[in-house]
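Chemist: So that you have it, the file is data.txt, and it contains compact mmCIF, C-alpha atoms:
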# COMPACT_ATOMS: atom_id res chain seq x y z
CA MET A 1 71.77 0.06 26.52
CA SER A 2 68.01 -0.32 26.49
CA ASN A 3 67.95 -0.67 22.72
CA LEU A 4 70.35 -3.59 23.08
CA LEU A 5 67.49 -5.90 23.90
CA VAL A 6 64.05 -4.72 23.09
CA GLY A 7 64.17 -1.62 20.97
CA ALA A 8 66.15 -3.88 18.67
CA TYR A 9 63.33 -5.09 16.46
CA ARG A 10 63.34 -3.37 13.07
CA PRO A 11 60.38 -4.17 10.89
CA GLY A 12 61.25 -5.16 7.34
CA THR A 13 60.26 -7.40 4.48
CA THR A 14 63.36 -9.53 3.85
CA LEU A 15 63.13 -13.30 3.86
CA LEU A 16 64.66 -13.28 7.35
CA HIS A 17 61.87 -11.04 8.60
CA ARG A 18 59.23 -13.31 7.12
CA LEU A 19 60.74 -16.58 8.33
CA PRO A 20 58.73 -17.90 11.30
CA ALA A 21 60.43 -17.35 14.65
CA GLY A 22 60.68 -21.06 15.55
CA PRO A 23 62.69 -22.22 12.51
CA LYS A 24 64.72 -19.02 12.68
CA LEU A 25 65.65 -19.76 16.28
CA GLY A 26 66.59 -23.30 15.16
CA LEU A 27 68.85 -21.92 12.42
CA LEU A 28 70.46 -19.59 14.94
CA ALA A 29 71.19 -22.58 17.18
CA VAL A 30 72.69 -24.53 14.25
CA PHE A 31 74.77 -21.50 13.33
CA GLY A 32 76.03 -21.18 16.90
CA VAL A 33 77.01 -24.85 17.05
CA ALA A 34 78.75 -24.54 13.68
CA THR A 35 80.98 -21.71 14.91
CA VAL A 36 82.34 -24.10 17.55
CA ALA A 37 82.14 -27.47 15.81
CA VAL A 38 83.63 -26.61 12.40
CA PRO A 39 87.41 -26.68 12.99
CA GLY A 40 89.95 -24.25 11.59
CA ALA A 41 90.39 -20.52 11.45
CA TRP A 42 89.16 -19.96 7.87
CA PRO A 43 85.70 -21.54 8.24
CA ALA A 44 85.18 -19.40 11.35
CA VAL A 45 86.13 -16.27 9.43
CA GLY A 46 83.77 -17.43 6.69
CA LEU A 47 80.92 -17.77 9.20
CA LEU A 48 81.70 -14.29 10.51
CA GLY A 49 81.48 -13.11 6.90
CA VAL A 50 78.07 -14.79 6.61
CA ALA A 51 76.89 -13.08 9.81
CA ILE A 52 78.09 -9.69 8.55
CA ALA A 53 76.39 -10.30 5.20
CA LEU A 54 73.13 -11.13 7.03
CA ALA A 55 73.42 -7.99 9.11
CA LEU A 56 73.93 -5.90 5.96
CA TRP A 57 71.07 -7.67 4.22
CA VAL A 58 68.53 -6.83 6.93
CA ARG A 59 70.02 -3.31 7.10
CA MET A 60 71.03 -3.28 10.72
CA PRO A 61 72.09 0.26 11.59
CA LEU A 62 75.87 0.36 12.03
CA ARG A 63 75.95 2.57 15.12
CA SER A 64 73.58 0.63 17.35
CA THR A 65 75.13 -2.66 16.22
CA VAL A 66 78.60 -1.48 17.16
CA ARG A 67 77.19 -0.23 20.45
CA ALA A 68 75.64 -3.63 21.14
CA LEU A 69 78.92 -5.37 20.36
CA ARG A 70 81.04 -3.05 22.49
CA PRO A 71 80.58 -4.91 25.78
CA LEU A 72 82.19 -7.90 24.02
CA LEU A 73 85.38 -5.97 23.38
CA LEU A 74 87.03 -6.81 26.70
CA VAL A 75 86.17 -10.50 26.32
CA VAL A 76 87.56 -10.50 22.79
CA VAL A 77 90.86 -8.91 23.89
CA VAL A 78 91.31 -11.27 26.83
CA VAL A 79 90.34 -14.39 24.85
CA THR A 80 92.59 -13.43 21.94
CA ALA A 81 95.57 -12.86 24.21
CA PHE A 82 94.96 -16.12 26.08
CA GLN A 83 94.49 -18.23 22.94
CA VAL A 84 97.50 -16.75 21.16
CA TRP A 85 99.62 -17.56 24.20
CA GLN A 86 98.17 -21.06 24.73
CA GLN A 87 97.32 -22.33 21.25
CA GLY A 88 98.66 -19.88 18.70
CA TRP A 89 97.00 -17.59 16.19
CA PRO A 90 94.80 -20.07 14.25
CA THR A 91 92.87 -21.12 17.37
CA ALA A 92 92.60 -17.51 18.55
CA ILE A 93 91.07 -16.52 15.22
CA HIS A 94 88.72 -19.53 15.31
CA VAL A 95 87.45 -18.69 18.80
CA VAL A 96 87.14 -14.93 18.38
CA ALA A 97 85.65 -15.02 14.88
CA GLY A 98 83.21 -17.71 16.04
CA LEU A 99 82.23 -15.67 19.07
CA LEU A 100 81.63 -12.51 17.07
CA ALA A 101 79.77 -14.45 14.39
CA SER A 102 77.33 -16.01 16.86
CA VAL A 103 76.67 -12.74 18.72
CA LEU A 104 76.12 -10.92 15.44
CA ALA A 105 73.78 -13.66 14.23
CA ALA A 106 71.85 -13.37 17.49
CA LEU A 107 71.56 -9.61 16.97
CA VAL A 108 70.25 -10.25 13.46
CA PHE A 109 67.69 -12.60 15.00
CA THR A 110 66.42 -9.99 17.48
CA ALA A 111 66.43 -7.29 14.80
CA THR A 112 64.21 -9.35 12.52
CA THR A 113 61.88 -10.99 15.04
CA ALA A 114 58.98 -9.24 16.75
CA ILE A 115 58.55 -10.16 20.40
CA ASP A 116 55.00 -11.27 19.69
CA ALA A 117 56.28 -13.76 17.08
CA MET A 118 58.89 -14.99 19.53
CA LEU A 119 56.23 -15.47 22.21
CA ASP A 120 54.14 -17.47 19.76
CA ALA A 121 57.17 -19.63 18.92
CA ILE A 122 57.83 -20.24 22.61
CA THR A 123 54.18 -21.09 23.20
CA THR A 124 54.14 -23.56 20.31
CA GLY A 125 57.54 -25.00 21.23
CA LEU A 126 56.48 -25.65 24.80
CA GLY A 127 53.10 -27.07 23.77
CA PRO A 128 54.19 -30.72 24.17
CA PHE A 129 55.25 -30.00 27.76
CA ARG A 130 51.71 -28.95 28.67
CA ARG A 131 50.96 -32.47 29.87
CA PHE A 132 53.76 -32.14 32.44
CA GLY A 133 52.04 -29.13 33.94
CA VAL A 134 53.95 -26.45 32.01
CA ASN A 135 51.79 -23.47 31.03
CA PRO A 136 53.40 -22.18 27.79
CA GLU A 137 51.33 -18.97 27.74
CA ARG A 138 52.53 -18.04 31.17
CA PHE A 139 56.12 -18.95 30.31
CA ALA A 140 56.00 -16.74 27.22
CA LEU A 141 54.58 -13.87 29.26
CA ALA A 142 57.31 -14.22 31.88
CA PHE A 143 59.84 -14.13 29.07
CA SER A 144 58.46 -10.88 27.67
CA LEU A 145 58.27 -9.33 31.12
CA VAL A 146 61.97 -10.02 31.60
CA LEU A 147 62.68 -8.34 28.27
CA ARG A 148 60.63 -5.33 29.32
CA ALA A 149 62.08 -5.23 32.85
CA ILE A 150 65.72 -4.91 31.84
CA PRO A 151 65.45 -1.47 30.20
CA GLY A 152 63.01 -0.47 32.95
CA ILE A 153 65.55 -1.25 35.66
CA LEU A 154 68.30 0.56 33.75
CA GLU A 155 66.04 3.59 33.53
CA ILE A 156 65.43 3.48 37.28
CA ALA A 157 69.19 3.21 37.83
CA GLN A 158 69.81 6.28 35.70
CA GLU A 159 67.09 8.30 37.42
CA THR A 160 68.33 7.28 40.86
CA ARG A 161 71.86 8.29 39.92
CA ALA A 162 70.61 11.65 38.67
CA ALA A 163 68.58 12.19 41.85
CA ALA A 164 71.56 11.32 44.07
CA LYS A 165 73.78 13.62 42.03
CA ALA A 166 71.30 16.49 42.29
CA ARG A 167 71.63 16.24 46.06
CA GLY A 168 75.40 15.85 45.96
CA LEU A 169 75.23 12.23 47.10
CA GLU A 170 76.78 10.55 44.05
CA ARG A 171 79.49 8.95 46.18
CA SER A 172 77.11 7.37 48.65
CA PRO A 173 76.29 3.77 47.71
CA ARG A 174 73.33 3.90 50.07
CA ALA A 175 71.79 6.84 48.25
CA LEU A 176 72.07 4.85 45.03
CA LEU A 177 71.28 1.26 45.96
CA VAL A 178 68.49 1.65 48.49
CA PRO A 179 66.17 3.79 46.34
CA MET A 180 67.00 1.70 43.30
CA ALA A 181 66.05 -1.55 45.04
CA ILE A 182 62.86 -0.03 46.48
CA ARG A 183 61.79 1.48 43.19
CA THR A 184 62.49 -1.74 41.30
CA VAL A 185 60.26 -3.67 43.69
CA ALA A 186 57.60 -0.94 43.49
CA GLN A 187 57.72 -1.07 39.71
CA ALA A 188 57.36 -4.85 39.77
CA TYR A 189 54.39 -4.48 42.08
CA GLU A 190 52.73 -1.93 39.80
CA THR A 191 53.35 -4.08 36.74
CA GLY A 192 51.80 -7.00 38.58
CA ALA A 193 48.73 -4.92 39.39
CA ALA A 194 48.49 -3.78 35.77
CA LEU A 195 48.69 -7.36 34.48
CA HIS A 196 46.14 -8.41 37.04
CA ALA A 197 43.85 -5.55 36.00
CA ARG A 198 44.12 -6.57 32.36
CA GLY A 199 43.12 -10.09 33.35
CA ILE A 200 46.41 -11.51 32.08
CA GLY A 201 47.43 -14.68 33.89
CA ASP A 202 43.97 -15.12 35.40
CA ASP A 203 43.21 -18.24 33.40
CA MET B 204 21.57 -0.40 30.91
CA PRO B 205 25.01 -0.05 32.56
CA PRO B 206 26.16 -2.85 34.84
CA ALA B 207 25.35 -2.46 38.50
CA ILE B 208 28.28 -2.09 40.85
CA ARG B 209 27.25 -2.71 44.42
CA LEU B 210 29.33 -2.18 47.56
CA ASP B 211 27.68 -3.74 50.57
CA GLU B 212 29.07 -2.65 53.96
CA VAL B 213 32.57 -2.68 52.51
CA ALA B 214 35.51 -1.83 54.76
CA VAL B 215 39.21 -2.07 54.02
CA SER B 216 41.94 -1.93 56.61
CA VAL B 217 45.59 -2.88 56.80
CA PRO B 218 47.41 -4.06 59.91
CA THR B 219 50.15 -1.74 61.14
CA PRO B 220 52.39 -2.04 64.21
CA SER B 221 50.12 0.49 65.99
CA GLY B 222 46.86 -1.32 65.21
CA ASP B 223 44.66 -1.57 62.13
CA LEU B 224 44.63 1.38 59.78
CA ALA B 225 41.30 1.95 58.01
CA LEU B 226 41.68 2.70 54.30
CA LEU B 227 37.92 2.71 53.88
CA HIS B 228 35.30 2.82 56.63
CA PRO B 229 32.14 0.69 56.14
CA THR B 230 30.54 1.95 52.93
CA SER B 231 27.47 0.91 50.97
CA VAL B 232 26.81 2.33 47.52
CA HIS B 233 25.08 1.24 44.38
CA LEU B 234 26.62 2.60 41.18
CA THR B 235 24.45 2.44 38.07
CA GLU B 236 25.01 5.81 36.36
CA HIS B 237 26.87 6.03 33.08
CA ARG B 238 29.66 8.26 34.41
CA ILE B 239 30.67 8.50 38.04
CA ALA B 240 33.41 10.72 39.43
CA LEU B 241 35.40 10.07 42.60
CA VAL B 242 37.05 13.15 44.05
CA GLY B 243 39.00 13.67 47.24
CA SER B 244 42.39 14.70 48.55
CA ASN B 245 45.59 12.66 48.31
CA GLY B 246 45.48 9.67 50.61
CA SER B 247 41.73 9.99 51.18
CA GLY B 248 41.00 6.46 49.95
CA LYS B 249 39.90 7.18 46.38
CA SER B 250 42.37 4.74 44.86
CA THR B 251 41.42 2.07 47.37
CA PHE B 252 37.80 2.58 46.43
CA ALA B 253 38.62 2.37 42.72
CA ARG B 254 40.76 -0.76 43.15
CA LEU B 255 37.94 -2.47 45.04
CA LEU B 256 35.82 -2.36 41.90
CA ASN B 257 37.93 -4.86 39.96
CA GLY B 258 39.27 -6.88 42.86
CA LEU B 259 42.79 -5.39 42.89
CA VAL B 260 42.00 -4.58 46.51
CA GLU B 261 39.88 -7.08 48.39
CA PRO B 262 37.48 -5.89 51.08
CA THR B 263 38.40 -6.72 54.66
CA ARG B 264 34.68 -6.83 55.42
CA GLY B 265 31.58 -6.74 53.23
CA THR B 266 31.26 -7.58 49.54
CA VAL B 267 31.73 -5.86 46.22
CA THR B 268 29.74 -7.18 43.28
CA VAL B 269 29.62 -6.20 39.62
CA ASP B 270 26.47 -7.46 37.91
CA GLY B 271 26.14 -9.92 40.75
CA LEU B 272 29.70 -11.25 40.41
CA ASP B 273 31.75 -11.12 43.59
CA THR B 274 35.17 -9.49 43.15
CA VAL B 275 36.80 -11.99 45.50
CA HIS B 276 35.20 -15.26 44.41
CA ASP B 277 34.79 -14.45 40.73
CA GLY B 278 37.92 -12.31 40.38
CA PRO B 279 38.83 -13.28 36.80
CA ALA B 280 35.23 -12.86 35.58
CA VAL B 281 34.99 -9.44 37.25
CA ARG B 282 38.27 -8.30 35.69
CA ARG B 283 37.01 -9.34 32.27
CA LYS B 284 34.08 -6.99 32.87
CA VAL B 285 35.95 -4.15 34.54
CA GLY B 286 38.88 -2.50 32.77
CA PHE B 287 41.32 -0.41 34.77
CA VAL B 288 43.49 2.51 33.67
CA PHE B 289 46.33 3.56 35.97
CA THR B 290 47.76 7.04 36.52
CA ASN B 291 51.17 6.08 35.21
CA PRO B 292 50.99 4.39 31.81
CA ASP B 293 54.59 3.18 32.14
CA ALA B 294 53.49 0.59 34.65
CA GLN B 295 50.65 -0.52 32.44
CA LEU B 296 52.48 -0.92 29.15
CA VAL B 297 54.23 -4.24 29.46
CA MET B 298 55.27 -5.03 25.91
CA PRO B 299 58.12 -3.47 23.94
CA THR B 300 56.19 -2.07 20.96
CA CYS B 301 52.75 -0.44 20.68
CA LEU B 302 51.32 -3.13 18.44
CA GLU B 303 52.55 -5.91 20.73
CA ASP B 304 51.07 -4.27 23.79
CA VAL B 305 47.60 -4.07 22.28
CA ALA B 306 48.02 -7.59 20.88
CA LEU B 307 48.76 -8.84 24.41
CA SER B 308 45.30 -7.74 25.52
CA LEU B 309 43.80 -9.60 22.58
CA ARG B 310 45.71 -12.84 23.20
CA ARG B 311 42.90 -14.44 25.11
CA THR B 312 40.03 -13.51 22.81
CA VAL B 313 41.71 -13.70 19.40
CA LYS B 314 43.73 -16.89 19.03
CA ASP B 315 44.77 -16.46 15.41
CA LYS B 316 47.89 -14.33 15.21
CA ARG B 317 47.11 -12.62 11.90
CA THR B 318 43.62 -11.58 12.97
CA ARG B 319 45.05 -10.42 16.28
CA GLN B 320 47.66 -8.24 14.59
CA ALA B 321 45.07 -6.78 12.23
CA ARG B 322 42.70 -6.00 15.11
CA ALA B 323 45.51 -4.43 17.13
CA ARG B 324 46.51 -2.30 14.13
CA ALA B 325 42.92 -1.15 13.68
CA ILE B 326 42.74 -0.17 17.34
CA LEU B 327 45.96 1.86 17.01
CA GLU B 328 44.59 3.60 13.90
CA GLU B 329 41.50 4.52 15.85
CA ILE B 330 43.47 6.35 18.55
CA GLY B 331 45.75 8.04 16.03
CA LEU B 332 48.81 5.90 16.69
CA GLY B 333 48.63 3.92 13.46
CA ASP B 334 52.06 5.08 12.34
CA LYS B 335 53.57 4.14 15.72
CA ALA B 336 52.61 0.45 15.61
CA ASP B 337 56.19 -0.85 15.54
CA THR B 338 57.67 1.96 17.64
CA THR B 339 58.96 1.17 21.11
CA VAL B 340 56.58 2.37 23.82
CA HIS B 341 59.46 4.33 25.41
CA ALA B 342 59.48 6.69 22.44
CA LEU B 343 55.87 7.87 22.92
CA SER B 344 54.89 11.10 24.65
CA GLY B 345 53.03 10.96 27.95
CA GLY B 346 49.70 11.61 26.27
CA GLN B 347 50.31 8.97 23.61
CA LYS B 348 51.31 6.45 26.29
CA GLN B 349 48.09 7.08 28.19
CA MET B 350 46.03 6.71 24.99
CA LEU B 351 47.86 3.45 24.29
CA ALA B 352 47.27 2.19 27.84
CA LEU B 353 43.60 3.04 27.40
CA ALA B 354 43.49 1.26 24.04
CA GLY B 355 45.11 -1.81 25.62
CA VAL B 356 42.37 -1.92 28.24
CA LEU B 357 39.53 -1.25 25.80
CA ALA B 358 40.81 -4.02 23.53
CA THR B 359 39.54 -6.51 26.10
CA ASP B 360 36.06 -5.02 25.61
CA PRO B 361 35.14 -4.33 29.25
CA ALA B 362 31.63 -3.29 30.30
CA VAL B 363 32.98 -0.88 32.92
CA LEU B 364 36.10 1.26 32.85
CA VAL B 365 37.71 2.43 36.08
CA ALA B 366 40.31 5.16 35.53
CA ASP B 367 42.53 6.16 38.43
CA GLU B 368 43.62 9.77 37.81
CA PRO B 369 44.27 9.09 34.13
CA THR B 370 45.09 12.73 33.33
CA THR B 371 47.17 13.71 36.36
CA LEU B 372 50.49 13.39 34.53
CA LEU B 373 49.28 15.03 31.32
CA ASP B 374 49.37 18.57 29.96
CA LEU B 375 46.17 20.46 29.12
CA ARG B 376 45.98 19.36 25.50
CA ASN B 377 46.54 15.68 26.26
CA THR B 378 44.16 15.89 29.22
CA GLN B 379 41.48 17.03 26.78
CA ILE B 380 42.28 14.28 24.29
CA VAL B 381 42.21 11.53 26.92
CA ALA B 382 39.14 12.99 28.64
CA ASP B 383 37.19 13.34 25.38
CA ARG B 384 38.00 9.72 24.60
CA LEU B 385 36.84 8.61 28.06
CA PHE B 386 33.61 10.60 27.84
CA ALA B 387 32.86 9.30 24.36
CA LEU B 388 32.87 5.69 25.56
CA PRO B 389 29.63 3.75 25.65
CA GLN B 390 30.96 1.89 28.69
CA GLN B 391 30.19 2.80 32.26
CA LEU B 392 33.00 5.02 33.54
CA VAL B 393 34.25 5.39 37.09
CA LEU B 394 36.68 8.28 37.03
CA VAL B 395 39.00 9.11 39.92
CA THR B 396 40.21 12.64 39.31
CA HIS B 397 41.64 15.85 40.71
CA ASP B 398 40.45 17.67 37.61
CA LEU B 399 37.20 19.21 38.81
CA ASP B 400 36.23 20.23 35.26
CA LEU B 401 36.11 16.55 34.44
CA ALA B 402 34.25 15.70 37.63
CA VAL B 403 31.38 18.05 36.79
CA ARG B 404 30.98 16.40 33.38
CA CYS B 405 29.93 13.18 35.15
CA ASP B 406 26.39 12.14 36.06
CA ARG B 407 27.15 11.52 39.70
CA ALA B 408 30.07 12.29 41.99
CA LEU B 409 31.31 10.85 45.26
CA VAL B 410 33.56 12.86 47.53
CA ILE B 411 35.87 10.75 49.62
CA ASP B 412 37.55 12.21 52.66
CA ASP B 413 39.44 10.50 55.44
CA ALA B 414 38.47 7.00 54.22
CA ARG B 415 34.72 7.79 54.07
CA VAL B 416 32.27 8.78 51.37
CA VAL B 417 31.24 12.20 52.70
CA PHE B 418 29.10 13.28 49.75
CA ASP B 419 27.28 11.36 47.05
CA GLY B 420 25.13 12.99 44.41
CA ASP B 421 25.13 15.89 41.99
CA PRO B 422 28.66 16.63 40.64
CA GLN B 423 28.35 20.43 41.01
CA ALA B 424 27.37 20.09 44.66
CA ALA B 425 30.12 17.47 45.12
CA VAL B 426 32.75 19.85 43.79
CA SER B 427 31.67 22.64 46.14
CA THR B 428 31.72 20.20 49.07
CA TYR B 429 35.22 19.18 48.05
CA ARG B 430 36.34 22.82 47.78
CA THR B 431 35.00 23.53 51.28
CA LEU B 432 36.81 20.46 52.63
CA ALA B 433 40.08 21.54 51.03
CA ARG B 434 39.88 24.96 52.71
CA ALA B 435 39.14 23.56 56.15
Can you present the structure in this file as structure tokens?
Modeler:
Amino acid sequence: MSNLLVGAYRPGTTLLHRLPAGPKLGLLAVFGVATVAVPGAWPAVGLLGVAIALALWVRMPLRSTVRALRPLLLVVVVVTAFQVWQQGWPTAIHVVAGLLASVLAALVFTATTAIDAMLDAITTGLGPFRRFGVNPERFALAFSLVLRAIPGILEIAQETRAAAKARGLERSPRALLVPMAIRTVAQAYETGAALHARGIGDD
Amino acid sequence: MPPAIRLDEVAVSVPTPSGDLALLHPTSVHLTEHRIALVGSNGSGKSTFARLLNGLVEPTRGTVTVDGLDTVHDGPAVRRKVGFVFTNPDAQLVMPTCLEDVALSLRRTVKDKRTRQARARAILEEIGLGDKADTTVHALSGGQKQMLALAGVLATDPAVLVADEPTTLLDLRNTQIVADRLFALPQQLVLVTHDLDLAVRCDRALVIDDARVVFDGDPQAAVSTYRTLARA
């Protein structure tokens, strides 16, 4: 699960890797809008084909990509069933192919974009808002901390579960939730101290 | 000439339901040696002492100054001067990949991205993690993580380095690697440690016990004082 978000970056030399993060994010947005706005089942399938081609081009590893897409499975099944019942097959294909295409494109984006490049893009993108009191540097840092915190919290959850299990308490929600909440806060506190110590966010 | 760290009648206490708890009783010291060890038992106040030096802990009474800069009033300036290495590198490494974590430290001083990346890469080469630049920090061993955390701190070019038990979580080999790196630094080093071999390599040692500095001077004598205390 942790590689879903941040371990996802795979260095490479394709055009997609070299494209600056800002324009790339823009293209991703256009692509996402296209999957909804272009009507008909075939164009959506075509866009899905494009997304798959992109994924192959940047050599996304099959296993981790499938793993990242797996949580979508339930949504896909439910949406397909609902659309077939309500609107018929063409709409169902349009919606599901569009959904898969945009998620896959987003995965391609994270696989080809280093966090540092993304932070720079965010900083530049938010530059004009500086005059309204927005601090883009700080915003970008908060963004990266969130990215780092998600796998961190999952790790804490796993460790807490293992600890509860070792003591035969796996069925007690208290033995799972209380330590997890406390350790998450403690971790946040430590991270704060570390950032403070490195002088990040001081200016 | 190393920077002068001066604690002037510094006391730290925290309020508890049963009255104030002293984490450090009034203490005055002047630290100018190149390498200074802080030893003492768990909960003795070593970490509090160490955290005072860069303003992570603020004194309840008295003042702490580094080269004349007050840790409370000139916090950011003091933290630019004083780097801090934590026991657990996991808390210190905030970015997903090694290169990005070092680059984060350089963000303030090196504005150009290309130069920053090149500098960060050079720093990683220097600590033997050149081939791990784009690897996620989760994939590193404990020793590599601590070296990376250290590199992240040194990238900001501090004049003083405070290390809070930097080798406690490491095996013997990694302890030696991290320690050799620390002792090779030109910077002033304040080393909190339970590793008495490391303590005796310093120029001066302070023994902290029950929130007080109970010995201050020669490291060999400090270690024997500490051993006596531990047996009592």
Chemist: As lines of an AutoDock Vina configuration file, please: the centre and edge lengths in Å, to one decimal, of an axis-aligned box enclosing every listed atom of region 167-174 of chain A with 3 Å added on each side.
Modeler:
center_x = 75.6
center_y = 10.0
center_z = 47.1
size_x = 13.9
size_y = 18.5
size_z = 12.0
Chemist: Any idea which chain B residues end up within 7 Å of chain A if we count only C-alpha atoms, as an mmCIF file with C-alpha atoms, in the frame of the given file please?
Modeler:
data_model
loop_
_atom_site.group_PDB
_atom_site.id
_atom_site.type_symbol
_atom_site.label_atom_id
_atom_site.label_comp_id
_atom_site.auth_asym_id
_atom_site.auth_seq_id
_atom_site.Cartn_x
_atom_site.Cartn_y
_atom_site.Cartn_z
ATOM 1 C CA LEU B 259 42.790 -5.390 42.890
ATOM 2 C CA PRO B 279 38.830 -13.280 36.800
ATOM 3 C CA ARG B 282 38.270 -8.300 35.690
ATOM 4 C CA ARG B 283 37.010 -9.340 32.270
ATOM 5 C CA GLY B 286 38.880 -2.500 32.770
ATOM 6 C CA PHE B 287 41.320 -0.410 34.770
ATOM 7 C CA ALA B 294 53.490 0.590 34.650
ATOM 8 C CA GLN B 295 50.650 -0.520 32.440
ATOM 9 C CA VAL B 297 54.230 -4.240 29.460
ATOM 10 C CA MET B 298 55.270 -5.030 25.910
ATOM 11 C CA PRO B 299 58.120 -3.470 23.940
ATOM 12 C CA GLU B 303 52.550 -5.910 20.730
ATOM 13 C CA THR B 339 58.960 1.170 21.110
ATOM 14 C CA VAL B 356 42.370 -1.920 28.240
#
Chemist: Counting all atoms listed in the file, which residues have an atom no more than 12 Å from (44.1, 2.3, 48.7) in the file's coordinates? Please list them as a tab-separated table (two decimals) with C-alpha atoms, keeping the file's coordinate frame.
Modeler:
chain	number	residue	atom	x	y	z
B	214	ALA	CA	35.51	-1.83	54.76
B	215	VAL	CA	39.21	-2.07	54.02
B	216	SER	CA	41.94	-1.93	56.61
B	217	VAL	CA	45.59	-2.88	56.80
B	224	LEU	CA	44.63	1.38	59.78
B	225	ALA	CA	41.30	1.95	58.01
B	226	LEU	CA	41.68	2.70	54.30
B	227	LEU	CA	37.92	2.71	53.88
B	228	HIS	CA	35.30	2.82	56.63
B	245	ASN	CA	45.59	12.66	48.31
B	246	GLY	CA	45.48	9.67	50.61
B	247	SER	CA	41.73	9.99	51.18
B	248	GLY	CA	41.00	6.46	49.95
B	249	LYS	CA	39.90	7.18	46.38
B	250	SER	CA	42.37	4.74	44.86
B	251	THR	CA	41.42	2.07	47.37
B	252	PHE	CA	37.80	2.58	46.43
B	253	ALA	CA	38.62	2.37	42.72
B	254	ARG	CA	40.76	-0.76	43.15
B	255	LEU	CA	37.94	-2.47	45.04
B	256	LEU	CA	35.82	-2.36	41.90
B	258	GLY	CA	39.27	-6.88	42.86
B	259	LEU	CA	42.79	-5.39	42.89
B	260	VAL	CA	42.00	-4.58	46.51
B	261	GLU	CA	39.88	-7.08	48.39
B	262	PRO	CA	37.48	-5.89	51.08
B	367	ASP	CA	42.53	6.16	38.43
B	411	ILE	CA	35.87	10.75	49.62
B	413	ASP	CA	39.44	10.50	55.44
B	414	ALA	CA	38.47	7.00	54.22
Chemist: Kindly provide, as number ranges by chain, the polymer residues lying within 10 Å of (34.1, -3.4, 26.3), counting all atoms listed in the file and using the coordinates exactly as they appear in the file.
Modeler: B: 283-286, 356-364, 388-391
Chemist: Please provide the set of residues having any atom within 8 Å of region 268-275 of chain B, restricted to all atoms listed in the file, with same-chain residues fewer than 2 positions apart removed, written as a ChimeraX atom specification.
Modeler: /B:206-210,255-258,261,266,277-278,280-281
Chemist: Could you pull the residues within 6 Å of region 30-37 of chain A, counting all atoms listed in the file, minus those fewer than 2 positions along the same chain, as a PyMOL selection string?
Modeler: chain A and resi 27-28+44+98+102
Chemist: Just give me the gap between CA of Ser221 (chain B) and CA of Val417 (chain B) in Å, one decimal is fine.
Modeler: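 Answer for the CA of Ser221 (chain B) to CA of Val417 (chain B) separation: 25.9 Å.
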Chemist: Write region 278-289 of chain B as a CSV table (one decimal), in the frame of the given file, completed to N, CA and C atoms.
Modeler:
chain,number,residue,atom,x,y,z
B,278,GLY,N,36.9,-13.3,40.8
B,278,GLY,CA,37.9,-12.3,40.4
B,278,GLY,C,38.1,-12.2,38.9
B,279,PRO,N,38.5,-13.4,38.2
B,279,PRO,CA,38.8,-13.3,36.8
B,279,PRO,C,37.6,-12.8,36.0
B,280,ALA,N,36.4,-13.3,36.3
B,280,ALA,CA,35.2,-12.9,35.6
B,280,ALA,C,35.0,-11.4,35.8
B,281,VAL,N,35.2,-10.9,37.0
B,281,VAL,CA,35.0,-9.4,37.2
B,281,VAL,C,36.0,-8.6,36.4
B,282,ARG,N,37.3,-9.1,36.4
B,282,ARG,CA,38.3,-8.3,35.7
B,282,ARG,C,38.1,-8.3,34.2
B,283,ARG,N,37.4,-9.4,33.7
B,283,ARG,CA,37.0,-9.3,32.3
B,283,ARG,C,36.0,-8.3,32.0
B,284,LYS,N,35.1,-8.0,33.0
B,284,LYS,CA,34.1,-7.0,32.9
B,284,LYS,C,34.6,-5.6,33.1
B,285,VAL,N,35.5,-5.5,34.1
B,285,VAL,CA,36.0,-4.2,34.5
B,285,VAL,C,37.4,-3.9,34.1
B,286,GLY,N,37.5,-2.9,33.2
B,286,GLY,CA,38.9,-2.5,32.8
B,286,GLY,C,39.4,-1.4,33.7
B,287,PHE,N,40.7,-1.3,33.8
B,287,PHE,CA,41.3,-0.4,34.8
B,287,PHE,C,42.5,0.4,34.1
B,288,VAL,N,42.4,1.7,34.2
B,288,VAL,CA,43.5,2.5,33.7
B,288,VAL,C,44.2,3.2,34.8
B,289,PHE,N,45.5,3.0,34.9
B,289,PHE,CA,46.3,3.6,36.0
B,289,PHE,C,46.8,5.0,35.7
